[in-house]
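**Student:** Please read through the structure below; I'll follow up with questions.
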Amino acid sequence: MQTRRGRFAPSPTGPLHPGSLLAALGSWLFARRGGGEWWLRVEDVDRIREVPGAARDQLETLAAFGFVHDGPIVRQSDRDVLYAEALDRLLADGHAFECHCSRSVLEAQGGIHRTCIPGLRRPDPAIRLRVPDGCMAEFDDVVHGRQSQRIDRDVGDFVLKRADGCWAYQLAVVVDDGAQGMTEVVRGADLLDSTPRQIWLQRLLGLPTPAYAHLPLLVDAHGHKLSKSSSAHPVDRDDPLSALREAWLQLGQTAFAASPQATSQEWLHDAVARFDPARIPREAQRIVP
């Protein structure tokens, strides 16, 4: 029987903020409620946006909040060989191709790539997935219900390796989830429309499709996602219980009384027993700075 396994995979672009904590707590609750494992992954595939020291700070903050992980901590920056192997398979099978189209050319096509302009050559082509006409992917999300997407029409031929040499998130996350045996993916709702692309890639690479749950985003008073907002202040390591309780309520859960002397690990243990996924809201949660 396969081990139930979930993960939290922050990008090291800054300190852990309340939106990140919401995703960490949600993924923890889903994994632990069935006695499953909870793994950590540093998604530093976009090395241009990485902030030096951010990954270490995030991991230290999670530990201070009482999150204990299973398995080794994986860094995408160490996994080039795995991504290259997957890309080589897709190229050999005719599912991927070099693309010399520039950003301006793509914008002229409406922002969705369906065919390359003949004769274009550039020294740093991107590698795209060849999405067939009529390509459809469907899945059931624990929070948002039945989802479907016409990938060719809504997304087009999407990038697997960028022109700057960085691996695209879509390829890296599919390879990592497959290699690590993830049975469920719990993350923010901003990635809901990426899931059909990932499911299609899983099929082409012969990888299993995990269960998905997309959690509500935290937004500021103007409706901006917290990670892109000036309201995205770091969580306070010195007061973890207050932040955990707030994230719990943002997940639609019912407040519960804990011992005044409870540690964050004890609070997390009690929260698992009280967690009800059916209560998670679909709509974004507004915070006031």
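By convention here, the chains of the structure tokens are called A, B, ... in the order presented, each chain's residues are numbered starting at 1, and ligands are numbered starting at 1 in the order presented.
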Please identify the helix (DSSP H, G or I) residues within segment 46-278 of chain A (assignment by DSSP from backbone atoms) and present them as a tab-separated table (two decimals) with C-alpha atoms, in the first residue's frame.
**Tutor:**
chain	number	residue	atom	x	y	z
A	54	ALA	CA	15.68	33.08	2.17
A	55	ALA	CA	15.51	29.28	2.06
A	56	ARG	CA	17.39	28.91	5.35
A	57	ASP	CA	15.20	31.58	6.96
A	58	GLN	CA	12.00	29.87	5.79
A	59	LEU	CA	13.09	26.46	7.09
A	60	GLU	CA	14.10	27.92	10.45
A	61	THR	CA	10.74	29.67	10.72
A	62	LEU	CA	8.84	26.45	10.00
A	63	ALA	CA	10.83	24.68	12.71
A	64	ALA	CA	10.10	27.49	15.16
A	76	GLN	CA	15.27	21.87	-7.05
A	77	SER	CA	18.64	23.46	-7.80
A	78	ASP	CA	20.21	20.04	-7.14
A	80	ASP	CA	19.02	19.25	-13.02
A	81	VAL	CA	19.78	15.67	-14.07
A	82	LEU	CA	16.22	14.49	-13.33
A	83	TYR	CA	14.67	17.38	-15.24
A	84	ALA	CA	17.02	16.87	-18.18
A	85	GLU	CA	16.12	13.17	-18.36
A	86	ALA	CA	12.40	13.98	-18.44
A	87	LEU	CA	12.92	16.65	-21.10
A	88	ASP	CA	15.01	14.31	-23.25
A	89	ARG	CA	12.17	11.74	-23.13
A	90	LEU	CA	9.63	14.33	-24.23
A	91	LEU	CA	11.89	15.50	-27.06
A	92	ALA	CA	12.63	11.96	-28.22
A	103	ARG	CA	7.99	37.50	-26.37
A	104	SER	CA	6.85	40.15	-28.87
A	105	VAL	CA	5.99	37.45	-31.43
A	106	LEU	CA	3.99	35.56	-28.82
A	107	GLU	CA	2.09	38.71	-27.85
A	108	ALA	CA	1.23	39.27	-31.50
A	151	ILE	CA	-5.10	23.26	-22.64
A	152	ASP	CA	-4.55	23.97	-26.34
A	153	ARG	CA	-7.07	26.83	-26.35
A	154	ASP	CA	-6.51	28.29	-22.88
A	169	TYR	CA	8.01	25.29	-12.86
A	170	GLN	CA	5.53	23.05	-14.68
A	171	LEU	CA	8.18	20.46	-15.59
A	172	ALA	CA	10.11	20.64	-12.33
A	173	VAL	CA	7.08	20.21	-10.06
A	174	VAL	CA	5.77	17.23	-12.05
A	175	VAL	CA	9.13	15.47	-12.00
A	176	ASP	CA	9.64	16.17	-8.28
A	177	ASP	CA	6.16	15.04	-7.20
A	178	GLY	CA	6.59	11.84	-9.18
A	179	ALA	CA	10.11	11.12	-7.94
A	189	ALA	CA	-5.53	28.59	-5.44
A	190	ASP	CA	-3.29	30.71	-7.69
A	191	LEU	CA	-1.95	27.39	-9.02
A	192	LEU	CA	-5.37	25.89	-9.74
A	193	ASP	CA	-5.18	26.64	-13.47
A	194	SER	CA	-1.66	25.16	-13.67
A	195	THR	CA	-2.90	21.74	-12.56
A	196	PRO	CA	-4.33	20.60	-15.93
A	197	ARG	CA	-0.94	21.26	-17.57
A	198	GLN	CA	0.76	19.22	-14.88
A	199	ILE	CA	-1.72	16.37	-15.23
A	200	TRP	CA	-1.08	16.29	-18.98
A	201	LEU	CA	2.67	16.16	-18.37
A	202	GLN	CA	2.19	13.36	-15.84
A	203	ARG	CA	0.38	11.32	-18.46
A	204	LEU	CA	3.11	11.85	-21.06
A	205	LEU	CA	5.82	10.88	-18.56
A	226	LEU	CA	-0.36	38.81	-0.20
A	227	SER	CA	2.97	37.69	-1.68
A	228	LYS	CA	2.80	40.60	-4.14
A	240	PRO	CA	3.79	31.23	16.57
A	241	LEU	CA	0.49	30.30	18.21
A	242	SER	CA	-1.20	33.58	17.30
A	243	ALA	CA	-0.25	33.17	13.64
A	244	LEU	CA	-1.27	29.49	13.59
A	245	ARG	CA	-4.67	30.29	15.09
A	246	GLU	CA	-5.25	33.02	12.51
A	247	ALA	CA	-4.30	30.68	9.64
A	248	TRP	CA	-6.63	28.04	11.11
A	249	LEU	CA	-9.56	30.46	10.97
A	250	GLN	CA	-8.64	31.52	7.42
A	264	SER	CA	3.07	25.02	18.84
A	265	GLN	CA	3.70	21.30	18.26
A	266	GLU	CA	0.97	20.40	20.75
A	267	TRP	CA	-1.40	22.86	19.10
A	268	LEU	CA	-0.70	21.34	15.69
A	269	HIS	CA	-1.39	17.87	17.07
A	270	ASP	CA	-4.76	19.00	18.44
A	271	ALA	CA	-5.61	20.81	15.19
A	272	VAL	CA	-5.15	17.65	13.11
A	273	ALA	CA	-7.88	15.87	15.11
A	274	ARG	CA	-10.29	18.81	14.56
A	277	PRO	CA	-11.56	19.88	4.82
A	278	ALA	CA	-15.22	20.48	3.94
**Student:** Go through segment 97-216 of chain A and flag each residue having an atom no more than 8 Å from segment 282-286 of chain A; for those, report the closest pair of atoms plus their distance in Å to one decimal, using only C-alpha atoms, ordered by chain and rising number, as JSON lines.
**Tutor:**
{"residue": "A:Val143", "atom": "CA", "partner": "A:Arg282", "partner_atom": "CA", "distance": 6.4}
{"residue": "A:His144", "atom": "CA", "partner": "A:Arg282", "partner_atom": "CA", "distance": 6.3}
{"residue": "A:Leu215", "atom": "CA", "partner": "A:Arg282", "partner_atom": "CA", "distance": 7.2}
{"residue": "A:Pro216", "atom": "CA", "partner": "A:Ala284", "partner_atom": "CA", "distance": 4.9}
**Student:** Keeping only N, CA and C atoms, write the selected residues to a file as a PDB file, in the first residue's frame.
**Tutor:**
ATOM      1  N   VAL A 143     -11.232  21.177  -2.735  1.00  0.00           N
ATOM      2  CA  VAL A 143     -11.864  22.429  -2.318  1.00  0.00           C
ATOM      3  C   VAL A 143     -12.786  22.980  -3.397  1.00  0.00           C
ATOM      4  N   HIS A 144     -12.347  22.961  -4.647  1.00  0.00           N
ATOM      5  CA  HIS A 144     -13.059  23.663  -5.717  1.00  0.00           C
ATOM      6  C   HIS A 144     -13.916  22.761  -6.595  1.00  0.00           C
ATOM      7  N   LEU A 215      -5.960  25.829  -1.744  1.00  0.00           N
ATOM      8  CA  LEU A 215      -6.398  26.590  -0.582  1.00  0.00           C
ATOM      9  C   LEU A 215      -6.671  28.047  -0.950  1.00  0.00           C
ATOM     10  N   PRO A 216      -7.522  28.727  -0.174  1.00  0.00           N
ATOM     11  CA  PRO A 216      -7.813  30.138  -0.471  1.00  0.00           C
ATOM     12  C   PRO A 216      -6.572  31.007  -0.343  1.00  0.00           C
TER      13      PRO A 216
END
**Student:** Using only C-alpha atoms, which residue out of A:Val51, A:Met1, A:Leu129, A:Ala211 lies closest to Asp93 of chain A?
**Tutor:**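 Selected residue with least distance to Asp93 of chain A: A:Leu129.
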**Student:** Which residue, A:Val186, A:Ile287, A:Val235, A:Val42, has the smallest gap to His222 of chain A when you use only C-alpha atoms?
**Tutor:** A:Ile287
**Student:** Give the strand (DSSP E or B) residues of segment 85-266 of chain A, as assigned by DSSP on the backbone, as a tab-separated table (two decimals) with all heavy atoms, in the first residue's frame.
**Tutor:**
chain	number	residue	atom	x	y	z
A	96	ALA	N	7.94	17.50	-27.35
A	96	ALA	CA	8.54	18.80	-27.04
A	96	ALA	C	9.36	19.28	-28.24
A	96	ALA	O	9.79	18.48	-29.08
A	96	ALA	CB	9.42	18.71	-25.79
A	97	PHE	N	9.61	20.59	-28.31
A	97	PHE	CA	10.31	21.16	-29.46
A	97	PHE	C	10.98	22.46	-29.08
A	97	PHE	O	10.58	23.13	-28.12
A	97	PHE	CB	9.33	21.39	-30.62
A	97	PHE	CG	8.24	22.39	-30.31
A	97	PHE	CD1	8.36	23.73	-30.66
A	97	PHE	CD2	7.09	21.99	-29.64
A	97	PHE	CE1	7.36	24.65	-30.38
A	97	PHE	CE2	6.08	22.91	-29.35
A	97	PHE	CZ	6.22	24.24	-29.72
A	98	GLU	N	12.02	22.81	-29.84
A	98	GLU	CA	12.67	24.10	-29.66
A	98	GLU	C	11.77	25.20	-30.22
A	98	GLU	O	11.18	25.06	-31.29
A	98	GLU	CB	14.01	24.14	-30.41
A	98	GLU	CG	15.14	23.46	-29.70
A	98	GLU	CD	16.48	23.77	-30.36
A	98	GLU	OE1	16.49	24.51	-31.37
A	98	GLU	OE2	17.51	23.27	-29.86
A	99	CYS	N	11.70	26.32	-29.49
A	99	CYS	CA	10.90	27.45	-29.94
A	99	CYS	C	11.76	28.70	-29.97
A	99	CYS	O	12.35	29.10	-28.96
A	99	CYS	CB	9.71	27.66	-29.00
A	99	CYS	SG	8.72	29.11	-29.40
A	113	HIS	N	0.79	30.27	-27.58
A	113	HIS	CA	1.60	29.68	-28.66
A	113	HIS	C	0.91	28.44	-29.23
A	113	HIS	O	0.63	27.49	-28.51
A	113	HIS	CB	2.97	29.30	-28.11
A	113	HIS	CG	3.94	28.89	-29.19
A	113	HIS	ND1	3.86	27.68	-29.84
A	113	HIS	CD2	4.99	29.55	-29.75
A	113	HIS	CE1	4.81	27.60	-30.74
A	113	HIS	NE2	5.52	28.72	-30.70
A	126	ALA	N	13.72	28.56	-26.32
A	126	ALA	CA	13.03	27.88	-25.24
A	126	ALA	C	12.64	26.48	-25.73
A	126	ALA	O	12.67	26.19	-26.93
A	126	ALA	CB	11.80	28.66	-24.82
A	127	ILE	N	12.29	25.61	-24.80
A	127	ILE	CA	11.75	24.29	-25.15
A	127	ILE	C	10.30	24.26	-24.67
A	127	ILE	O	10.01	24.53	-23.50
A	127	ILE	CB	12.52	23.14	-24.48
A	127	ILE	CG1	14.02	23.25	-24.79
A	127	ILE	CG2	11.97	21.80	-24.96
A	127	ILE	CD1	14.38	23.07	-26.24
A	128	ARG	N	9.38	23.97	-25.58
A	128	ARG	CA	7.95	23.94	-25.27
A	128	ARG	C	7.37	22.54	-25.41
A	128	ARG	O	7.90	21.71	-26.16
A	128	ARG	CB	7.17	24.89	-26.19
A	128	ARG	CG	7.47	26.37	-25.98
A	128	ARG	CD	6.62	27.23	-26.91
A	128	ARG	NE	6.91	28.65	-26.72
A	128	ARG	CZ	6.31	29.42	-25.82
A	128	ARG	NH1	5.35	28.90	-25.05
A	128	ARG	NH2	6.63	30.69	-25.69
A	129	LEU	N	6.26	22.32	-24.71
A	129	LEU	CA	5.51	21.08	-24.90
A	129	LEU	C	4.58	21.26	-26.09
A	129	LEU	O	3.90	22.29	-26.21
A	129	LEU	CB	4.69	20.75	-23.65
A	129	LEU	CG	4.04	19.36	-23.69
A	129	LEU	CD1	5.10	18.30	-23.40
A	129	LEU	CD2	2.89	19.24	-22.70
A	136	MET	N	-7.64	18.17	-23.57
A	136	MET	CA	-8.48	18.46	-22.41
A	136	MET	C	-7.96	17.70	-21.20
A	136	MET	O	-7.59	16.53	-21.30
A	136	MET	CB	-9.92	18.04	-22.70
A	136	MET	CG	-10.86	18.09	-21.50
A	136	MET	SD	-11.41	19.75	-21.09
A	136	MET	CE	-12.62	20.01	-22.41
A	137	ALA	N	-7.94	18.37	-20.05
A	137	ALA	CA	-7.60	17.71	-18.79
A	137	ALA	C	-8.65	18.07	-17.76
A	137	ALA	O	-9.07	19.23	-17.66
A	137	ALA	CB	-6.21	18.11	-18.30
A	138	GLU	N	-9.07	17.07	-16.99
A	138	GLU	CA	-10.08	17.26	-15.95
A	138	GLU	C	-9.60	16.63	-14.65
A	138	GLU	O	-8.86	15.64	-14.67
A	138	GLU	CB	-11.41	16.63	-16.37
A	138	GLU	CG	-12.02	17.24	-17.63
A	138	GLU	CD	-13.33	16.58	-18.02
A	138	GLU	OE1	-13.40	15.33	-17.91
A	138	GLU	OE2	-14.26	17.29	-18.41
A	139	PHE	N	-10.03	17.20	-13.55
A	139	PHE	CA	-9.70	16.62	-12.24
A	139	PHE	C	-10.68	17.14	-11.21
A	139	PHE	O	-11.37	18.15	-11.43
A	139	PHE	CB	-8.26	16.95	-11.84
A	139	PHE	CG	-8.02	18.41	-11.52
A	139	PHE	CD1	-7.97	18.85	-10.21
A	139	PHE	CD2	-7.84	19.34	-12.54
A	139	PHE	CE1	-7.74	20.19	-9.92
A	139	PHE	CE2	-7.61	20.67	-12.26
A	139	PHE	CZ	-7.56	21.10	-10.95
A	140	ASP	N	-10.75	16.44	-10.09
A	140	ASP	CA	-11.60	16.84	-8.97
A	140	ASP	C	-10.73	17.44	-7.88
A	140	ASP	O	-9.87	16.75	-7.32
A	140	ASP	CB	-12.39	15.65	-8.43
A	140	ASP	CG	-13.44	15.15	-9.41
A	140	ASP	OD1	-14.26	15.99	-9.85
A	140	ASP	OD2	-13.44	13.95	-9.74
A	141	ASP	N	-10.95	18.72	-7.60
A	141	ASP	CA	-10.22	19.38	-6.54
A	141	ASP	C	-11.01	19.27	-5.24
A	141	ASP	O	-12.24	19.45	-5.23
A	141	ASP	CB	-10.01	20.85	-6.89
A	141	ASP	CG	-9.09	21.55	-5.91
A	141	ASP	OD1	-7.86	21.43	-6.08
A	141	ASP	OD2	-9.59	22.21	-4.98
A	145	GLY	N	-13.93	21.47	-6.33
A	145	GLY	CA	-14.77	20.58	-7.11
A	145	GLY	C	-14.21	20.25	-8.47
A	145	GLY	O	-13.01	20.36	-8.73
A	146	ARG	N	-15.11	19.88	-9.40
A	146	ARG	CA	-14.69	19.44	-10.72
A	146	ARG	C	-14.10	20.59	-11.52
A	146	ARG	O	-14.68	21.67	-11.61
A	146	ARG	CB	-15.90	18.88	-11.47
A	146	ARG	CG	-15.56	18.18	-12.79
A	146	ARG	CD	-14.78	16.91	-12.53
A	146	ARG	NE	-14.57	16.11	-13.74
A	146	ARG	CZ	-13.79	15.04	-13.77
A	146	ARG	NH1	-13.16	14.64	-12.69
A	146	ARG	NH2	-13.65	14.35	-14.88
A	147	GLN	N	-12.93	20.35	-12.11
A	147	GLN	CA	-12.22	21.34	-12.90
A	147	GLN	C	-11.88	20.75	-14.27
A	147	GLN	O	-11.57	19.56	-14.38
A	147	GLN	CB	-10.92	21.77	-12.21
A	147	GLN	CG	-11.10	22.33	-10.81
A	147	GLN	CD	-11.77	23.67	-10.81
A	147	GLN	OE1	-11.35	24.59	-11.53
A	147	GLN	NE2	-12.83	23.81	-10.01
A	148	SER	N	-11.96	21.58	-15.31
A	148	SER	CA	-11.58	21.13	-16.64
A	148	SER	C	-10.94	22.29	-17.39
A	148	SER	O	-11.22	23.46	-17.11
A	148	SER	CB	-12.79	20.60	-17.42
A	148	SER	OG	-13.74	21.64	-17.63
A	149	GLN	N	-10.08	21.96	-18.33
A	149	GLN	CA	-9.39	22.99	-19.10
A	149	GLN	C	-9.05	22.45	-20.48
A	149	GLN	O	-8.56	21.32	-20.61
A	149	GLN	CB	-8.10	23.42	-18.39
A	149	GLN	CG	-7.37	24.58	-19.05
A	149	GLN	CD	-6.09	24.93	-18.30
A	149	GLN	OE1	-5.07	24.27	-18.46
A	149	GLN	NE2	-6.14	25.96	-17.47
A	150	ARG	N	-9.34	23.25	-21.51
A	150	ARG	CA	-8.85	22.98	-22.85
A	150	ARG	C	-7.46	23.58	-22.94
A	150	ARG	O	-7.29	24.77	-23.14
A	150	ARG	CB	-9.78	23.61	-23.89
A	150	ARG	CG	-10.91	22.73	-24.36
A	150	ARG	CD	-10.49	21.69	-25.37
A	150	ARG	NE	-9.86	22.25	-26.55
A	150	ARG	CZ	-10.53	22.69	-27.62
A	150	ARG	NH1	-11.84	22.62	-27.68
A	150	ARG	NH2	-9.86	23.19	-28.66
A	156	GLY	N	-2.06	26.79	-24.57
A	156	GLY	CA	-1.19	26.61	-25.73
A	156	GLY	C	0.04	25.78	-25.40
A	156	GLY	O	0.12	25.12	-24.36
A	159	VAL	N	5.94	26.34	-21.87
A	159	VAL	CA	7.39	26.23	-21.76
A	159	VAL	C	7.79	25.16	-20.74
A	159	VAL	O	7.23	25.07	-19.64
A	159	VAL	CB	7.99	27.60	-21.36
A	159	VAL	CG1	9.48	27.47	-21.07
A	159	VAL	CG2	7.75	28.62	-22.47
A	160	LEU	N	8.79	24.37	-21.11
A	160	LEU	CA	9.39	23.37	-20.23
A	160	LEU	C	10.77	23.81	-19.74
A	160	LEU	O	11.16	23.51	-18.62
A	160	LEU	CB	9.51	22.03	-20.95
A	160	LEU	CG	8.21	21.42	-21.47
A	160	LEU	CD1	8.51	20.17	-22.29
A	160	LEU	CD2	7.26	21.09	-20.33
A	161	LYS	N	11.50	24.48	-20.62
A	161	LYS	CA	12.79	25.06	-20.25
A	161	LYS	C	12.86	26.44	-20.87
A	161	LYS	O	12.62	26.60	-22.07
A	161	LYS	CB	13.96	24.20	-20.72
A	161	LYS	CG	15.30	24.63	-20.15
A	161	LYS	CD	16.42	23.66	-20.50
A	161	LYS	CE	17.71	24.03	-19.77
A	161	LYS	NZ	18.82	23.10	-20.10
A	167	TRP	N	14.80	25.90	-15.65
A	167	TRP	CA	13.71	24.94	-15.83
A	167	TRP	C	12.38	25.61	-15.49
A	167	TRP	O	12.29	26.36	-14.54
A	167	TRP	CB	13.91	23.72	-14.93
A	167	TRP	CG	15.16	22.97	-15.24
A	167	TRP	CD1	16.31	22.98	-14.52
A	167	TRP	CD2	15.39	22.11	-16.35
A	167	TRP	NE1	17.26	22.19	-15.12
A	167	TRP	CE2	16.71	21.64	-16.24
A	167	TRP	CE3	14.60	21.69	-17.43
A	167	TRP	CZ2	17.27	20.77	-17.17
A	167	TRP	CZ3	15.16	20.82	-18.35
A	167	TRP	CH2	16.48	20.37	-18.23
A	184	GLU	N	-0.65	13.55	-2.62
A	184	GLU	CA	-1.56	14.69	-2.61
A	184	GLU	C	-0.75	15.98	-2.70
A	184	GLU	O	0.37	16.07	-2.19
A	184	GLU	CB	-2.43	14.69	-1.35
A	184	GLU	CG	-1.66	14.74	-0.04
A	184	GLU	CD	-2.58	14.61	1.16
A	184	GLU	OE1	-3.64	13.96	1.03
A	184	GLU	OE2	-2.25	15.14	2.23
A	185	VAL	N	-1.32	16.95	-3.39
A	185	VAL	CA	-0.69	18.25	-3.56
A	185	VAL	C	-1.67	19.29	-3.01
A	185	VAL	O	-2.77	19.45	-3.53
A	185	VAL	CB	-0.37	18.54	-5.03
A	185	VAL	CG1	0.10	19.98	-5.21
A	185	VAL	CG2	0.70	17.57	-5.53
A	186	VAL	N	-1.25	19.96	-1.95
A	186	VAL	CA	-2.08	20.98	-1.29
A	186	VAL	C	-1.32	22.30	-1.39
A	186	VAL	O	-0.20	22.41	-0.89
A	186	VAL	CB	-2.35	20.62	0.18
A	186	VAL	CG1	-3.22	21.68	0.85
A	186	VAL	CG2	-3.03	19.25	0.27
A	187	ARG	N	-1.91	23.30	-2.03
A	187	ARG	CA	-1.21	24.55	-2.30
A	187	ARG	C	-2.24	25.65	-2.54
A	187	ARG	O	-3.45	25.42	-2.46
A	187	ARG	CB	-0.30	24.38	-3.51
A	187	ARG	CG	-1.02	23.92	-4.77
A	187	ARG	CD	-0.06	23.50	-5.85
A	187	ARG	NE	-0.77	23.07	-7.07
A	187	ARG	CZ	-0.18	22.52	-8.12
A	187	ARG	NH1	1.12	22.32	-8.12
A	187	ARG	NH2	-0.90	22.16	-9.17
A	188	GLY	N	-1.77	26.86	-2.87
A	188	GLY	CA	-2.64	28.00	-3.05
A	188	GLY	C	-3.46	27.94	-4.33
A	188	GLY	O	-3.06	27.32	-5.32
A	211	ALA	N	-3.84	13.49	-5.65
A	211	ALA	CA	-5.04	14.26	-5.33
A	211	ALA	C	-4.65	15.72	-5.16
A	211	ALA	O	-3.52	16.02	-4.73
A	211	ALA	CB	-5.69	13.72	-4.06
A	212	TYR	N	-5.57	16.63	-5.48
A	212	TYR	CA	-5.27	18.05	-5.39
A	212	TYR	C	-6.27	18.77	-4.49
A	212	TYR	O	-7.47	18.46	-4.49
A	212	TYR	CB	-5.30	18.70	-6.78
A	212	TYR	CG	-4.13	18.34	-7.64
A	212	TYR	CD1	-4.21	17.29	-8.56
A	212	TYR	CD2	-2.92	19.04	-7.54
A	212	TYR	CE1	-3.12	16.96	-9.36
A	212	TYR	CE2	-1.84	18.70	-8.33
A	212	TYR	CZ	-1.93	17.67	-9.24
A	212	TYR	OH	-0.86	17.33	-10.02
A	213	ALA	N	-5.74	19.74	-3.73
A	213	ALA	CA	-6.57	20.65	-2.94
A	213	ALA	C	-5.93	22.03	-3.01
A	213	ALA	O	-4.75	22.18	-2.67
A	213	ALA	CB	-6.67	20.18	-1.49
A	214	HIS	N	-6.68	23.01	-3.48
A	214	HIS	CA	-6.15	24.36	-3.63
A	214	HIS	C	-6.79	25.29	-2.60
A	214	HIS	O	-8.02	25.47	-2.59
A	214	HIS	CB	-6.36	24.85	-5.06
A	214	HIS	CG	-5.45	24.19	-6.05
A	214	HIS	ND1	-5.72	22.94	-6.59
A	214	HIS	CD2	-4.25	24.56	-6.55
A	214	HIS	CE1	-4.73	22.60	-7.41
A	214	HIS	NE2	-3.82	23.56	-7.40
A	215	LEU	N	-5.96	25.83	-1.74
A	215	LEU	CA	-6.40	26.59	-0.58
A	215	LEU	C	-6.67	28.05	-0.95
A	215	LEU	O	-6.11	28.57	-1.92
A	215	LEU	CB	-5.31	26.53	0.50
A	215	LEU	CG	-4.86	25.13	0.90
A	215	LEU	CD1	-3.71	25.23	1.90
A	215	LEU	CD2	-6.02	24.34	1.50
A	218	LEU	N	-4.61	34.54	0.46
A	218	LEU	CA	-4.74	35.71	1.33
A	218	LEU	C	-4.51	36.95	0.47
A	218	LEU	O	-3.52	37.02	-0.27
A	218	LEU	CB	-3.73	35.67	2.48
A	218	LEU	CG	-3.93	34.59	3.53
A	218	LEU	CD1	-2.99	34.84	4.71
A	218	LEU	CD2	-5.37	34.50	4.01
A	219	VAL	N	-5.40	37.92	0.57
A	219	VAL	CA	-5.28	39.14	-0.21
A	219	VAL	C	-5.36	40.34	0.73
A	219	VAL	O	-5.90	40.27	1.83
A	219	VAL	CB	-6.37	39.24	-1.29
A	219	VAL	CG1	-6.25	38.09	-2.29
A	219	VAL	CG2	-7.76	39.24	-0.67
A	225	LYS	N	-2.86	39.65	-4.11
A	225	LYS	CA	-2.30	38.49	-3.44
A	225	LYS	C	-1.22	38.93	-2.46
A	225	LYS	O	-0.39	39.79	-2.77
A	225	LYS	CB	-1.72	37.51	-4.46
A	225	LYS	CG	-1.15	36.24	-3.84
A	225	LYS	CD	-0.48	35.39	-4.90
A	225	LYS	CE	0.28	34.23	-4.26
A	225	LYS	NZ	1.06	33.46	-5.24
**Student:** How many Å lie between atom CA of Val131 of chain A and atom CA of Asp157 of chain A, rounded to one decimal?
**Tutor:**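 Between atom CA of Val131 of chain A and atom CA of Asp157 of chain A the gap is 5.2 Å.
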**Student:** In terms of the shortest atom-to-atom distance over only C-alpha atoms, which of A:Arg5, A:Phe256, A:Arg114, A:Gln109 is closest to Leu29 of chain A?
**Tutor:** A:Arg5
**Student:** What lies within 6 Å of segment 67-73 of chain A using only C-alpha atoms, ignoring chain neighbours under 2 positions off, as a list of chain:residue names?
**Tutor:**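 After dropping sequence-adjacent residues, the list is A:Glu37, A:Trp38, A:Trp39, A:Leu40, A:Arg41, A:Leu62, A:Ala63, A:Phe65.
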**Student:** Those same residues - N, CA and C atoms - I'd like them written as a PDB file, in the first residue's frame.
**Tutor:**
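Generated output (part13.pdb):
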ATOM      1  N   GLU A  37       2.748  11.288   5.689  1.00  0.00           N
ATOM      2  CA  GLU A  37       4.013  12.016   5.810  1.00  0.00           C
ATOM      3  C   GLU A  37       3.871  13.428   5.232  1.00  0.00           C
ATOM      4  N   TRP A  38       4.704  14.326   5.765  1.00  0.00           N
ATOM      5  CA  TRP A  38       4.734  15.718   5.303  1.00  0.00           C
ATOM      6  C   TRP A  38       6.181  16.072   4.993  1.00  0.00           C
ATOM      7  N   TRP A  39       6.453  16.356   3.726  1.00  0.00           N
ATOM      8  CA  TRP A  39       7.816  16.618   3.279  1.00  0.00           C
ATOM      9  C   TRP A  39       7.994  18.098   2.950  1.00  0.00           C
ATOM     10  N   LEU A  40       9.242  18.517   2.913  1.00  0.00           N
ATOM     11  CA  LEU A  40       9.599  19.882   2.541  1.00  0.00           C
ATOM     12  C   LEU A  40      10.445  19.866   1.271  1.00  0.00           C
ATOM     13  N   ARG A  41      10.149  20.828   0.396  1.00  0.00           N
ATOM     14  CA  ARG A  41      10.917  20.970  -0.841  1.00  0.00           C
ATOM     15  C   ARG A  41      11.209  22.457  -1.053  1.00  0.00           C
ATOM     16  N   LEU A  62       9.724  27.612   9.899  1.00  0.00           N
ATOM     17  CA  LEU A  62       8.843  26.448   9.999  1.00  0.00           C
ATOM     18  C   LEU A  62       9.163  25.616  11.232  1.00  0.00           C
ATOM     19  N   ALA A  63      10.438  25.434  11.509  1.00  0.00           N
ATOM     20  CA  ALA A  63      10.834  24.677  12.705  1.00  0.00           C
ATOM     21  C   ALA A  63      10.391  25.392  13.974  1.00  0.00           C
ATOM     22  N   PHE A  65       7.843  27.168  14.314  1.00  0.00           N
ATOM     23  CA  PHE A  65       6.389  27.047  14.424  1.00  0.00           C
ATOM     24  C   PHE A  65       5.947  25.626  14.761  1.00  0.00           C
TER      25      PHE A  65
END
**Student:** What is the distance, in Å and to one decimal place, between atom CA of Arg75 of chain A and atom CA of Gly181 of chain A?
**Tutor:**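 Separation between atom CA of Arg75 of chain A and atom CA of Gly181 of chain A: 15.7 Å.
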**Student:** Could you work out how far atom CA of Phe8 of chain A lies from atom CA of Pro281 of chain A, giving the answer in Å with one decimal?
**Tutor:**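 About the pair atom CA of Pro281 of chain A and atom CA of Phe8 of chain A: they are 19.7 Å apart.
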